[in-house]
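One structure below.
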Amino acid sequence: MKIDLILFFLLAGIAVVTSILVITRRNAIISAVFLVLNFFALAGLYLLLNAQFISVVQIIVYAGAIMVLFLFVLMLLRTDNESPILSDKRPLKYFAILISVFVFVQIAYLLFAGKPSRNITPDEAASINSGTIQAIGKELYTNYIIPFEVAGFLLLAATIGALVLAKKKFE
Amino acid sequence: MSILEIIVISLIKILLVVIVMLTTVAYLVYFERKISAWAQNRIGPNRVGFHGLLQPFADVFKLLLKEDIVPDAANRPLHTLAPFIALFVSFATYAVIPFGPSVNIFGYDIKLVVADVNIGILYVLALTSLGVYGITFAGWSSGSKYSLLGGVRSSAQMISYEVSMGFSIAGVLLLSESLRPIDIVNAQHGWMWNAIVQPIGFITFVVSAFAETNRLPFDLPEAEPELVGGYHTEYSSFKFAGFFLAEYANMIIASCLIVTLYLGGWQNPLVDISGLTGTVATLLYVASFLFKVAFMLFFFIWVRWSIPRFRYDQLMNLGWKVMFPLALVNIIWVAALIMIFNL
C-alpha cells in the first residue's frame, strides 16, 4: 500500500471516531477537546490533497481561534445542567436524528450522482502549485476580488454590530 | 539523496536541536536567578557546583522526587494532558527556525534548519495559537477557581496579542515576499535588518512576544499576589516542571523568532565584509545567530526584573488600542517604502 493511502485511512479514521465522540460525550468541554482533534485530522487530510494553505488556516482559524472562544464560554457557564435537555425532550431528539439523516442523504447523493472529482486531472505538479499561498493570493486579488471585498465588508459589519451590542450593556 | 539519508539527517538535526534546547532551558533558569540577583544586589545561587553551575540539575531532581498531587475535583485526563500540550507546542515551533546557511558535510548539502517549509511562518502562527490550549486546559481541569481565572485570563490575553503579532509579521512578509523562514533571513542581507527598516513593527512584535510567552510585565495568567499561582496552582512535581520547561522554551522560541524575523537571523554583515568563506564563515554565522538569541534572552530577563506587572485592563488597552493600531501603521509604512524605493 502507498504511504499516502495509509495516512488517509488513519486520518479519516481519527476524524470519524472523534466526531462521534464529540456528540456522545456528556461533558461539553470534553466534546470540545475531541472537536479540536477532529480539526487536526481534517487539516492532515487537506495536506494529503496538497492544500497546504487551507490546512494551516484550518488550524489557525478553527482550532486556534474559534474553539478557544467556545472553550472560553463553556468554562464560564455552568454546563452540567444542560445535559438533561435531550433526555427530557424526546421530540427534539427525533427531530435531530431526522435532520442528520437528511443531511447524510444529501451528501451521499451529491457524491454519487455529482461525482465532484470528475473534472480534475491527476496532474500532481499543478495540484501542488494551486494549493500554495502565492496561487491562492493571486486568485483572491484578481478573479475573486469582489467576493473577497464583500466578505470583508460583511465581517466589518458584524464587528461593528458586536461592538454596539456590547456597548449598550455597559452604558 | 535517498529517503533513508533524508530521515537520518533529519533525525540528527532534531536530536541536536532538542539537546541544545534542553540545556539552554536548564541554564536559562540559572541565568534568570543570577541576573535577578544582580538586579537586586544579591549573590544568587552559588552553593551547588562552581558558582552554582550545577544548580539547574539540583532543581530538576528536586521537582522529579516530589509527590504528584492531583486534586479530587480535577478532570484527570485533561489535567495530565495539559503540560504535555504546552511542551509539545513550544518544542515543535523550533522545527522551522533556520540557525545558519547551508553547509557541506561529507558531500551532503545540508540546510541548517530542521524543516524547510514553504509556509513556515503560518506554521509558527498555527502552533502559537495552539499554545493557548495547554494553559486553558490546565486552568479548567484543575477544578479550582484560581486556576480557572488564570486560564481564562491567559486565553483572552493570548488571543488579543496574537492579532498584533500577526499584523507585525505581515510587514516582514511584504518585504521578503515569502513565508519561508530561510527567504525571510536572506531578504535581510547586509544591514537591511527588519528591525532597522521597520522599527515600529519590531517594537509591536517584541511586546506581543512578551505577552504570548506570559512573561512579566504581562504574566497575568499566573500573577501570584492575585491568583495564588494562576493556571498551575494545582500542579506539582513533574507536571509543574513541564509548565516551567514550556515557559522557558517559549522564551527561547520567541527570541529565535525575533532574531529570524527582525534581526537578520544568522546574517552578519561583518563576516560578509571580512571575505571569509567556507566552514569558518558558516561557524561565524551560526555563532552570530546564537549571540543574537542570547542577547534577546538576556533582554527578556532584564525586562522581567525592571518593570512591574500591568493591571488587566491596562494590558487589554495596550493590546487593542496601542499595539494593534501601531502594527497597522507599520504595514502602511512598509508598503510606502516598497512603493518609493522599489525594494
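FYI, nothing fancy with the C-alpha cells labels: chains A, B, ... in order, residues from 1 per chain, ligands from 1 as they appear.
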Taking the DSSP secondary structure from the backbone, can you list the residues of region 27-222 of chain B that are helix (DSSP H, G or I), as an NGL selection string?
:B and (27-39 or 50-52 or 55-65 or 76-96 or 120-141 or 145-176 or 181-186 or 194-197 or 199-212 or 220-222)
Please provide the set of residues having any atom within 10 Å of Asp59 (chain B), restricted to only C-alpha atoms, with same-chain residues fewer than 5 positions apart removed, written as a PyMOL selection string.
chain B and resi 26+29-30+54+64+241
Which neighbours of region 230-233 of chain B fall inside 10 Å, counting only C-alpha atoms, when residues of the same chain fewer than 2 positions from it are skipped, and could you give them as a PyMOL selection string?
chain B and resi 83+134-142+144-154+219-228+235-236+239-240+243-244
Name all residues at most 7 Å from Ala41 (chain A) (count only C-alpha atoms; drop same-chain ones fewer than 4 positions away) and give them as a PDB file with N, CA, C and O atoms, in the first residue's frame.
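Okay, this is what ended up in selection.pdb:
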```pdb
ATOM      1  N   LEU A  11      -6.010   9.093   9.125  1.00  0.00           N
ATOM      2  CA  LEU A  11      -6.602  10.396   9.450  1.00  0.00           C
ATOM      3  C   LEU A  11      -8.116  10.355   9.355  1.00  0.00           C
ATOM      4  O   LEU A  11      -8.826  10.901  10.197  1.00  0.00           O
ATOM      5  N   ALA A  12      -8.628   9.658   8.321  1.00  0.00           N
ATOM      6  CA  ALA A  12     -10.077   9.581   8.171  1.00  0.00           C
ATOM      7  C   ALA A  12     -10.676   8.844   9.360  1.00  0.00           C
ATOM      8  O   ALA A  12     -11.719   9.241   9.895  1.00  0.00           O
ATOM      9  N   ILE A  14      -9.438   8.703  12.427  1.00  0.00           N
ATOM     10  CA  ILE A  14      -9.434   9.613  13.569  1.00  0.00           C
ATOM     11  C   ILE A  14     -10.587  10.602  13.459  1.00  0.00           C
ATOM     12  O   ILE A  14     -11.311  10.861  14.422  1.00  0.00           O
ATOM     13  N   ALA A  15     -10.789  11.131  12.235  1.00  0.00           N
ATOM     14  CA  ALA A  15     -11.843  12.134  12.048  1.00  0.00           C
ATOM     15  C   ALA A  15     -13.204  11.542  12.393  1.00  0.00           C
ATOM     16  O   ALA A  15     -14.009  12.173  13.085  1.00  0.00           O
ATOM     17  N   LEU A  37      -9.379  17.797  18.074  1.00  0.00           N
ATOM     18  CA  LEU A  37      -8.670  16.668  17.466  1.00  0.00           C
ATOM     19  C   LEU A  37      -9.188  16.409  16.058  1.00  0.00           C
ATOM     20  O   LEU A  37      -8.419  16.133  15.134  1.00  0.00           O
ATOM     21  N   LEU A  45      -5.769  15.733   6.369  1.00  0.00           N
ATOM     22  CA  LEU A  45      -6.363  15.309   5.094  1.00  0.00           C
ATOM     23  C   LEU A  45      -6.145  16.370   4.021  1.00  0.00           C
ATOM     24  O   LEU A  45      -5.830  16.047   2.867  1.00  0.00           O
TER      25      LEU A  45
END
```
Report the distance between CA of Leu257 (chain B) and CA of Ile97 (chain B) in Å, rounded to one decimal place.
7.4 Å
Closest of A:Gly137, A:Gly152, A:Gly114, A:Gly13 to chain B - atom-to-atom distances counting only C-alpha atoms:
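Nearest candidate to chain B out of A:Gly137, A:Gly152, A:Gly114, A:Gly13: A:Gly137.
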Chain A contacts to chain B at 9 Å (only C-alpha atoms) as an MDAnalysis selection string
chainID A and resid 30 52:53 56:61 63:65 68:69 71:72 75:76 132:134
For region 282-284 of chain B: contacts at 9 Å, only C-alpha atoms, fewer than 3 positions along chain excluded, given as an mmCIF file with all heavy atoms, in the first residue's frame:
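The new file part_12.cif reads:
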```cif
data_model
loop_
_atom_site.group_PDB
_atom_site.id
_atom_site.type_symbol
_atom_site.label_atom_id
_atom_site.label_comp_id
_atom_site.auth_asym_id
_atom_site.auth_seq_id
_atom_site.Cartn_x
_atom_site.Cartn_y
_atom_site.Cartn_z
ATOM 1 N N GLY B 100 21.483 28.795 10.488
ATOM 2 C CA GLY B 100 22.718 29.019 9.752
ATOM 3 C C GLY B 100 22.496 28.794 8.275
ATOM 4 O O GLY B 100 21.445 28.293 7.880
ATOM 5 N N PRO B 101 23.472 29.184 7.424
ATOM 6 C CA PRO B 101 23.340 28.920 5.983
ATOM 7 C C PRO B 101 23.574 27.442 5.688
ATOM 8 O O PRO B 101 23.854 26.668 6.588
ATOM 9 C CB PRO B 101 24.443 29.793 5.392
ATOM 10 C CG PRO B 101 25.449 29.912 6.475
ATOM 11 C CD PRO B 101 24.715 29.840 7.770
ATOM 12 N N SER B 102 23.462 27.041 4.431
ATOM 13 C CA SER B 102 23.709 25.641 4.076
ATOM 14 C C SER B 102 25.172 25.292 4.326
ATOM 15 O O SER B 102 26.061 26.111 4.138
ATOM 16 C CB SER B 102 23.398 25.411 2.601
ATOM 17 O OG SER B 102 22.077 25.769 2.352
ATOM 18 N N VAL B 103 25.410 24.053 4.774
ATOM 19 C CA VAL B 103 26.791 23.609 4.933
ATOM 20 C C VAL B 103 27.000 22.340 4.129
ATOM 21 O O VAL B 103 26.044 21.636 3.802
ATOM 22 C CB VAL B 103 27.156 23.302 6.401
ATOM 23 C CG1 VAL B 103 27.387 24.571 7.154
ATOM 24 C CG2 VAL B 103 26.104 22.462 7.046
ATOM 25 N N TRP B 266 20.744 34.501 10.937
ATOM 26 C CA TRP B 266 22.163 34.197 11.134
ATOM 27 C C TRP B 266 23.071 35.153 10.376
ATOM 28 O O TRP B 266 24.291 35.012 10.389
ATOM 29 C CB TRP B 266 22.453 32.756 10.701
ATOM 30 C CG TRP B 266 21.785 32.385 9.424
ATOM 31 C CD1 TRP B 266 20.625 31.711 9.289
ATOM 32 C CD2 TRP B 266 22.233 32.682 8.098
ATOM 33 N NE1 TRP B 266 20.302 31.575 7.970
ATOM 34 C CE2 TRP B 266 21.279 32.150 7.213
ATOM 35 C CE3 TRP B 266 23.359 33.337 7.565
ATOM 36 C CZ2 TRP B 266 21.384 32.266 5.831
ATOM 37 C CZ3 TRP B 266 23.473 33.442 6.196
ATOM 38 C CH2 TRP B 266 22.497 32.918 5.346
ATOM 39 N N ASN B 268 25.395 38.201 9.267
ATOM 40 C CA ASN B 268 26.283 39.091 9.994
ATOM 41 C C ASN B 268 27.091 39.886 8.972
ATOM 42 O O ASN B 268 27.986 39.348 8.332
ATOM 43 C CB ASN B 268 27.205 38.287 10.908
ATOM 44 C CG ASN B 268 28.029 39.167 11.799
ATOM 45 O OD1 ASN B 268 28.168 40.371 11.532
ATOM 46 N ND2 ASN B 268 28.565 38.596 12.846
ATOM 47 N N VAL B 271 30.943 39.606 8.921
ATOM 48 C CA VAL B 271 31.537 38.413 8.300
ATOM 49 C C VAL B 271 31.526 38.569 6.785
ATOM 50 O O VAL B 271 32.470 38.176 6.094
ATOM 51 C CB VAL B 271 30.777 37.144 8.729
ATOM 52 C CG1 VAL B 271 31.400 35.904 8.106
ATOM 53 C CG2 VAL B 271 30.782 37.018 10.242
ATOM 54 N N THR B 277 35.233 32.630 3.792
ATOM 55 C CA THR B 277 34.283 31.706 3.158
ATOM 56 C C THR B 277 34.440 30.331 3.798
ATOM 57 O O THR B 277 35.323 30.110 4.621
ATOM 58 C CB THR B 277 34.526 31.576 1.637
ATOM 59 O OG1 THR B 277 35.915 31.350 1.454
ATOM 60 C CG2 THR B 277 34.056 32.796 0.892
ATOM 61 N N GLY B 278 33.571 29.404 3.386
ATOM 62 C CA GLY B 278 33.697 28.016 3.818
ATOM 63 C C GLY B 278 33.267 27.805 5.254
ATOM 64 O O GLY B 278 32.426 28.521 5.780
ATOM 65 N N THR B 279 33.901 26.806 5.892
ATOM 66 C CA THR B 279 33.450 26.365 7.209
ATOM 67 C C THR B 279 33.570 27.465 8.259
ATOM 68 O O THR B 279 32.689 27.618 9.106
ATOM 69 C CB THR B 279 34.296 25.153 7.661
ATOM 70 O OG1 THR B 279 34.537 24.349 6.524
ATOM 71 C CG2 THR B 279 33.568 24.350 8.706
ATOM 72 N N ALA B 287 27.389 31.283 15.009
ATOM 73 C CA ALA B 287 27.717 31.955 16.272
ATOM 74 C C ALA B 287 26.969 33.270 16.373
ATOM 75 O O ALA B 287 26.474 33.631 17.461
ATOM 76 C CB ALA B 287 29.219 32.178 16.366
ATOM 77 N N SER B 288 26.835 34.021 15.252
ATOM 78 C CA SER B 288 26.111 35.296 15.340
ATOM 79 C C SER B 288 24.650 35.048 15.670
ATOM 80 O O SER B 288 24.047 35.803 16.445
ATOM 81 C CB SER B 288 26.201 36.114 14.050
ATOM 82 O OG SER B 288 27.039 35.564 13.124
ATOM 83 N N PHE B 289 24.079 33.980 15.083
ATOM 84 C CA PHE B 289 22.680 33.646 15.426
ATOM 85 C C PHE B 289 22.550 33.383 16.916
ATOM 86 O O PHE B 289 21.687 33.955 17.585
ATOM 87 C CB PHE B 289 22.236 32.423 14.618
ATOM 88 C CG PHE B 289 20.842 31.952 14.952
ATOM 89 C CD1 PHE B 289 19.743 32.625 14.480
ATOM 90 C CD2 PHE B 289 20.653 30.835 15.751
ATOM 91 C CE1 PHE B 289 18.469 32.201 14.789
ATOM 92 C CE2 PHE B 289 19.380 30.406 16.072
ATOM 93 C CZ PHE B 289 18.285 31.091 15.591
#
```
So which residues touch Leu28 (chain B) within 10 Å, counting only C-alpha atoms, skipping near sequence neighbours fewer than 2 positions away, as a list in words?
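So, after excluding close chain neighbours, the residues are Leu22, Thr23, Thr24, Val25, Ala26, Tyr30, Phe31, Glu32, Arg33, Lys34, Pro56, Tyr248, Ala249, Met251, Ile252, Ala294, Leu297, Phe298 and Ile301 of chain B.
Counting only C-alpha atoms, the residue from B:Phe202, B:Glu5, B:Ile273, B:Ala246 that sits nearest to Val259 (chain B) is B:Phe202.
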Which residues, written as a ChimeraX atom specification, have at least one atom at most 12 Å from Trp191 (chain B), with only C-alpha atoms counted and residues fewer than 4 positions away on the same chain left out?
/B:185-187,195-197,262-265,267-270,272-273
Restricting it to N, CA, C and O atoms, dump the selection as an mmCIF file, in the first residue's frame.
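Saved to again_10.cif:
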```cif
data_model
loop_
_atom_site.group_PDB
_atom_site.id
_atom_site.type_symbol
_atom_site.label_atom_id
_atom_site.label_comp_id
_atom_site.auth_asym_id
_atom_site.auth_seq_id
_atom_site.Cartn_x
_atom_site.Cartn_y
_atom_site.Cartn_z
ATOM 1 N N VAL B 185 15.191 35.403 6.091
ATOM 2 C CA VAL B 185 16.543 35.723 6.543
ATOM 3 C C VAL B 185 17.357 36.268 5.381
ATOM 4 O O VAL B 185 18.055 37.288 5.510
ATOM 5 N N ASN B 186 17.259 35.642 4.197
ATOM 6 C CA ASN B 186 18.041 36.103 3.051
ATOM 7 C C ASN B 186 17.637 37.511 2.617
ATOM 8 O O ASN B 186 18.475 38.272 2.133
ATOM 9 N N ALA B 187 16.360 37.850 2.809
ATOM 10 C CA ALA B 187 15.893 39.178 2.404
ATOM 11 C C ALA B 187 16.486 40.270 3.285
ATOM 12 O O ALA B 187 16.433 41.445 2.929
ATOM 13 N N ALA B 195 14.485 45.116 11.812
ATOM 14 C CA ALA B 195 14.407 45.977 12.994
ATOM 15 C C ALA B 195 14.792 47.405 12.627
ATOM 16 O O ALA B 195 14.317 48.362 13.236
ATOM 17 N N ILE B 196 15.668 47.558 11.611
ATOM 18 C CA ILE B 196 16.103 48.894 11.199
ATOM 19 C C ILE B 196 15.127 49.471 10.172
ATOM 20 O O ILE B 196 14.760 50.638 10.229
ATOM 21 N N VAL B 197 14.656 48.618 9.248
ATOM 22 C CA VAL B 197 13.766 49.091 8.188
ATOM 23 C C VAL B 197 12.391 49.431 8.750
ATOM 24 O O VAL B 197 11.778 50.418 8.362
ATOM 25 N N TYR B 262 13.392 39.816 12.541
ATOM 26 C CA TYR B 262 13.749 41.245 12.602
ATOM 27 C C TYR B 262 15.234 41.531 12.696
ATOM 28 O O TYR B 262 15.676 42.593 12.309
ATOM 29 N N LEU B 263 16.017 40.598 13.247
ATOM 30 C CA LEU B 263 17.436 40.916 13.461
ATOM 31 C C LEU B 263 18.336 40.170 12.481
ATOM 32 O O LEU B 263 19.494 39.895 12.764
ATOM 33 N N GLY B 264 17.787 39.825 11.316
ATOM 34 C CA GLY B 264 18.628 39.266 10.269
ATOM 35 C C GLY B 264 19.016 37.815 10.438
ATOM 36 O O GLY B 264 19.888 37.329 9.720
ATOM 37 N N GLY B 265 18.384 37.090 11.349
ATOM 38 C CA GLY B 265 18.685 35.666 11.500
ATOM 39 C C GLY B 265 20.162 35.425 11.735
ATOM 40 O O GLY B 265 20.768 36.063 12.587
ATOM 41 N N GLN B 267 22.494 36.146 9.668
ATOM 42 C CA GLN B 267 23.322 37.051 8.861
ATOM 43 C C GLN B 267 24.199 37.920 9.759
ATOM 44 O O GLN B 267 23.797 38.335 10.836
ATOM 45 N N ASN B 268 25.395 38.201 9.267
ATOM 46 C CA ASN B 268 26.283 39.091 9.994
ATOM 47 C C ASN B 268 27.091 39.886 8.972
ATOM 48 O O ASN B 268 27.986 39.348 8.332
ATOM 49 N N PRO B 269 26.792 41.187 8.821
ATOM 50 C CA PRO B 269 27.465 41.995 7.782
ATOM 51 C C PRO B 269 28.970 42.024 7.973
ATOM 52 O O PRO B 269 29.715 42.103 6.987
ATOM 53 N N LEU B 270 29.424 41.922 9.240
ATOM 54 C CA LEU B 270 30.878 41.984 9.473
ATOM 55 C C LEU B 270 31.575 40.784 8.845
ATOM 56 O O LEU B 270 32.659 40.909 8.274
ATOM 57 N N ASP B 272 30.439 39.173 6.239
ATOM 58 C CA ASP B 272 30.370 39.380 4.795
ATOM 59 C C ASP B 272 31.553 40.221 4.314
ATOM 60 O O ASP B 272 32.202 39.915 3.315
ATOM 61 N N ILE B 273 31.845 41.309 5.084
ATOM 62 C CA ILE B 273 32.909 42.221 4.668
ATOM 63 C C ILE B 273 34.271 41.541 4.762
ATOM 64 O O ILE B 273 35.125 41.695 3.889
#
```
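Checking B:Met165, B:Ala211, B:Val286, B:Ile332 one by one against Leu261 (chain B), counting only C-alpha atoms, you find the shortest gap at B:Met165.
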